[in-house]
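Raw upload.tsv, TSV, C-alpha atoms:
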chain	number	residue	atom	x	y	z
A	293	LYS	CA	24.60	169.37	135.38
A	294	GLN	CA	23.21	166.11	136.26
A	295	GLN	CA	23.14	165.07	132.67
A	296	GLN	CA	26.71	166.03	132.28
A	297	GLN	CA	27.67	164.02	135.31
A	298	GLN	CA	25.75	161.04	134.04
A	299	GLN	CA	27.44	161.37	130.72
A	300	GLN	CA	30.84	161.60	132.35
A	301	GLN	CA	30.07	158.58	134.48
A	302	LYS	CA	28.89	156.75	131.41
A	303	GLN	CA	32.05	157.71	129.57
A	304	GLN	CA	34.16	156.63	132.53
A	305	GLN	CA	32.35	153.30	132.67
A	306	GLN	CA	32.85	152.85	128.96
A	307	GLN	CA	36.51	153.70	129.34
A	308	GLN	CA	36.85	151.29	132.25
A	309	GLN	CA	35.07	148.59	130.24
A	310	ALA	CA	37.31	149.29	127.25
A	311	THR	CA	40.40	149.20	129.47
A	312	ALA	CA	39.20	145.98	131.10
A	313	ALA	CA	38.48	144.49	127.68
A	314	ALA	CA	41.91	145.56	126.42
A	315	GLU	CA	43.57	144.08	129.51
A	316	GLN	CA	41.53	140.91	129.08
A	317	GLY	CA	42.57	140.73	125.40
A	318	ALA	CA	46.23	141.36	126.32
A	319	LYS	CA	46.07	138.62	128.96
A	320	GLN	CA	44.52	136.20	126.46
A	321	ALA	CA	47.11	137.11	123.82
A	322	ALA	CA	49.93	136.61	126.34
A	323	ALA	CA	48.45	133.28	127.40
A	324	GLN	CA	48.12	132.16	123.76
A	325	LYS	CA	51.69	133.26	123.05
A	326	ALA	CA	52.93	131.34	126.10
A	327	GLN	CA	50.99	128.26	124.96
A	328	GLN	CA	52.45	128.56	121.47
A	329	GLN	CA	55.97	128.88	122.88
A	330	GLU	CA	55.41	125.84	125.10
A	331	ALA	CA	54.06	123.88	122.14
A	332	GLN	CA	57.05	124.90	120.02
A	333	GLN	CA	59.44	123.95	122.81
A	334	ARG	CA	57.74	120.55	123.23
A	335	ALA	CA	57.90	120.02	119.46
A	336	ALA	CA	61.60	120.95	119.43
A	337	GLU	CA	62.30	118.61	122.36
A	338	THR	CA	60.37	115.81	120.67
A	339	ALA	CA	62.24	116.38	117.40
A	340	SER	CA	65.55	116.46	119.25
A	341	ALA	CA	64.75	113.25	121.11
A	342	GLU	CA	63.69	111.56	117.87
A	343	ALA	CA	66.87	112.70	116.11
A	344	LYS	CA	68.94	111.37	119.02
A	345	ARG	CA	67.08	108.05	118.96
A	346	GLN	CA	67.63	107.73	115.20
A	347	ALA	CA	71.33	108.56	115.55
A	348	GLU	CA	71.70	105.94	118.29
A	349	GLU	CA	69.86	103.38	116.14
A	350	GLU	CA	72.12	104.16	113.18
A	351	TYR	CA	75.17	103.79	115.42
A	352	ARG	CA	73.92	100.44	116.74
A	353	LYS	CA	73.26	99.17	113.21
A	354	ARG	CA	76.66	100.32	111.98
A	355	ARG	CA	78.36	98.78	115.02
A	356	MET	CA	76.55	95.47	114.46
A	357	GLN	CA	77.63	95.47	110.80
A	358	GLU	CA	81.22	96.24	111.76
A	359	ASP	CA	81.19	93.47	114.38
A	360	ALA	CA	79.74	90.99	111.88
A	361	ALA	CA	82.35	91.97	109.29
A	362	TYR	CA	85.10	91.59	111.89
A	363	ARG	CA	83.82	88.13	112.90
A	364	ARG	CA	83.67	87.06	109.24
A	365	GLN	CA	87.19	88.33	108.71
A	366	GLN	CA	88.43	86.48	111.81
A	367	GLU	CA	86.72	83.27	110.69
A	368	GLN	CA	88.23	83.60	107.24
A	369	ARG	CA	91.69	84.24	108.70
A	370	GLN	CA	91.29	81.23	110.98
A	371	LYS	CA	90.33	79.02	108.01
A	372	MET	CA	93.32	80.30	106.05
A	373	ASP	CA	95.64	79.62	109.00
A	374	GLU	CA	94.24	76.12	109.38
A	375	MET	CA	94.85	75.43	105.70
A	376	ALA	CA	98.37	76.84	105.96
A	377	ASP	CA	99.04	74.79	109.09
A	378	SER	CA	97.99	71.66	107.27
A	379	ALA	CA	100.64	72.51	104.67
A	380	ASP	CA	103.27	72.44	107.43
A	381	ASP	CA	102.09	68.94	108.19
A	382	SER	CA	103.54	67.83	104.85
A	383	PHE	CA	107.06	68.43	106.21
A	384	LYS	CA	106.27	66.63	109.44
A	385	GLN	CA	104.77	63.72	107.52
A	386	PHE	CA	107.81	63.55	105.23
A	387	MET	CA	110.16	63.55	108.20
A	388	LYS	CA	108.19	60.73	109.84
A	389	GLU	CA	108.55	58.66	106.70
A	390	GLU	CA	112.23	59.58	106.23
A	391	ASP	CA	114.55	56.59	106.61
A	392	GLY	CA	116.21	56.54	109.99
A	393	GLU	CA	114.11	59.39	111.41
A	394	ASP	CA	112.04	56.99	113.49
A	395	GLN	CA	115.23	55.34	114.76
A	396	MET	CA	116.77	58.53	116.11
A	397	GLY	CA	117.59	57.99	119.76
A	398	ASP	CA	118.01	54.21	119.31
A	399	ALA	CA	121.44	53.25	120.75
A	400	ASP	CA	122.40	50.85	117.92
A	401	TYR	CA	121.37	53.37	115.25
A	402	GLU	CA	123.27	56.18	116.96
A	403	ASP	CA	126.45	54.03	117.26
A	404	SER	CA	126.24	53.01	113.62
A	405	ALA	CA	125.62	56.59	112.43
A	406	ASN	CA	128.49	57.95	114.53
A	407	ALA	CA	130.85	55.26	113.27
A	408	LEU	CA	129.95	56.02	109.65
A	409	ALA	CA	130.38	59.77	110.20
A	410	GLY	CA	133.77	59.17	111.87
A	411	ALA	CA	134.94	56.90	109.04
A	412	ILE	CA	133.97	59.41	106.36
A	413	GLY	CA	135.19	62.42	108.36
A	414	TRP	CA	131.92	64.32	108.42
A	415	ASN	CA	130.24	66.12	111.30
A	416	ARG	CA	127.08	64.10	111.68
A	417	LYS	CA	125.04	66.73	113.59
A	418	GLU	CA	125.89	69.41	111.00
A	419	ILE	CA	125.04	67.13	108.06
A	420	GLU	CA	121.70	66.08	109.59
A	421	SER	CA	120.84	69.67	110.45
A	422	LYS	CA	121.57	70.84	106.90
A	423	ALA	CA	119.64	67.92	105.43
A	424	ASP	CA	116.62	68.60	107.67
A	425	ASN	CA	116.76	72.30	106.77
A	426	ALA	CA	116.93	71.52	103.05
A	427	VAL	CA	114.02	69.08	103.24
A	428	LYS	CA	111.99	71.59	105.23
A	429	GLN	CA	112.66	74.39	102.73
A	430	LEU	CA	111.75	72.11	99.83
A	431	THR	CA	108.50	70.95	101.38
A	432	GLN	CA	107.60	74.52	102.33
A	433	ALA	CA	108.30	75.69	98.80
A	434	ILE	CA	106.10	72.95	97.40
A	435	GLY	CA	103.21	73.12	99.84
A	436	GLY	CA	104.24	75.32	102.70
A	437	LYS	CA	102.39	77.98	104.60
A	438	LYS	CA	103.73	80.89	102.54
A	439	VAL	CA	102.67	79.32	99.25
A	440	VAL	CA	99.22	78.44	100.56
A	441	GLN	CA	98.77	81.98	101.93
A	442	SER	CA	99.93	83.48	98.62
A	443	LEU	CA	97.45	81.35	96.70
A	444	GLN	CA	94.69	82.22	99.12
A	445	GLY	CA	95.51	85.90	98.70
A	446	MET	CA	95.35	85.58	94.91
A	447	MET	CA	92.06	83.69	95.11
A	448	ALA	CA	90.61	86.32	97.45
A	449	GLY	CA	91.54	88.96	94.88
A	450	ILE	CA	89.58	87.09	92.20
A	451	ARG	CA	86.38	86.90	94.27

Taking this structure as input, can you express it in the form of structure tokens?
Amino acid sequence: KQQQQQQQQKQQQQQQQATAAAEQGAKQAAAQKAQQQEAQQRAAETASAEAKRQAEEEYRKRRMQEDAAYRRQQEQRQKMDEMADSADDSFKQFMKEEDGEDQMGDADYEDSANALAGAIGWNRKEIESKADNAVKQLTQAIGGKKVVQSLQGMMAGIR
């Protein structure tokens, strides 16, 4: 009987040791699995953060390129406007050199011009307005803003 009891005790101890070993192995496996999951989560977070950083960097680069292109376009437009404005100066220069234009407002000139207009029967203000308009249209056609802009547009198309 005693041998049987010893054997049963031995078997119980072996079973307890096996159970303890199995529990220990299960705990270690669970711990390893948890560590793996944590590592995978950290890797996913790191990859996500890196992807976000790269996307932000790409956005910044694209935005800088767009801003630079916009500034170049504005500078080019400003240069074109300056060139076109200088073409308007041709009309102003012509009118400065026009006979009698510098004398407008002079009392003697005004009296003489009114007397001539009255003698001929013309409306002086209407005639001068039409003459100024015709001169302006002619100078604009020759070197005006529209022509300069058209030429600049054609030249931009060639580039």

For segment 415-424 of chain A, please output as a list in words all residues within 8 Å (counting all atoms listed in the file; exclusion window: fewer than 6 positions along the same chain). Ala405, Asn406 and Ala409 of chain A

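Between atom CA of Glu330 of chain A and atom CA of Ala347 of chain A there is a distance of 25.4 Å.
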
Using atom CA of Arg354 of chain A and atom CA of Met446 of chain A as the two end points, give the distance in Å to one decimal. 29.3 Å

Could you work out how far atom CA of Gln365 of chain A lies from atom CA of Gly449 of chain A, giving the answer in Å with one decimal? 14.5 Å

Show which residues sit within 12 Å of Gln368 of chain A, as a ChimeraX atom specification. Count only C-alpha atoms, and ignore same-chain residues fewer than 4 positions away. /A:361-364,372-375,441,444-445,448

Just add N, CA, C and O atoms to segment 397-408 of chain A and send it as a compact mmCIF listing (two decimals), in the frame of the given file.
# COMPACT_ATOMS: atom_id res chain seq x y z
N GLY A 397 117.68 58.25 118.33
CA GLY A 397 117.59 57.99 119.76
C GLY A 397 117.84 56.53 120.08
O GLY A 397 118.16 56.19 121.22
N ASP A 398 117.72 55.63 119.11
CA ASP A 398 118.01 54.21 119.31
C ASP A 398 119.53 54.05 119.44
O ASP A 398 120.29 54.57 118.62
N ALA A 399 120.00 53.36 120.47
CA ALA A 399 121.44 53.25 120.75
C ALA A 399 122.20 52.62 119.59
O ALA A 399 123.27 53.11 119.20
N ASP A 400 121.70 51.53 119.03
CA ASP A 400 122.40 50.85 117.92
C ASP A 400 122.48 51.76 116.70
O ASP A 400 123.53 51.83 116.04
N TYR A 401 121.40 52.45 116.40
CA TYR A 401 121.37 53.37 115.25
C TYR A 401 122.36 54.50 115.46
O TYR A 401 123.11 54.87 114.56
N GLU A 402 122.37 55.07 116.66
CA GLU A 402 123.27 56.18 116.96
C GLU A 402 124.73 55.73 116.83
O GLU A 402 125.56 56.45 116.26
N ASP A 403 125.08 54.54 117.36
CA ASP A 403 126.45 54.03 117.26
C ASP A 403 126.86 53.83 115.81
O ASP A 403 127.96 54.22 115.39
N SER A 404 125.96 53.26 115.02
CA SER A 404 126.24 53.01 113.62
C SER A 404 126.41 54.33 112.86
O SER A 404 127.34 54.48 112.06
N ALA A 405 125.54 55.30 113.11
CA ALA A 405 125.62 56.59 112.43
C ALA A 405 126.88 57.34 112.82
O ALA A 405 127.55 57.94 111.96
N ASN A 406 127.26 57.28 114.09
CA ASN A 406 128.49 57.95 114.53
C ASN A 406 129.73 57.29 113.94
O ASN A 406 130.68 57.98 113.57
N ALA A 407 129.70 55.98 113.86
CA ALA A 407 130.85 55.26 113.27
C ALA A 407 131.00 55.62 111.80
O ALA A 407 132.12 55.86 111.33
N LEU A 408 129.90 55.67 111.07
CA LEU A 408 129.95 56.02 109.65
C LEU A 408 130.45 57.45 109.48
O LEU A 408 131.31 57.72 108.64
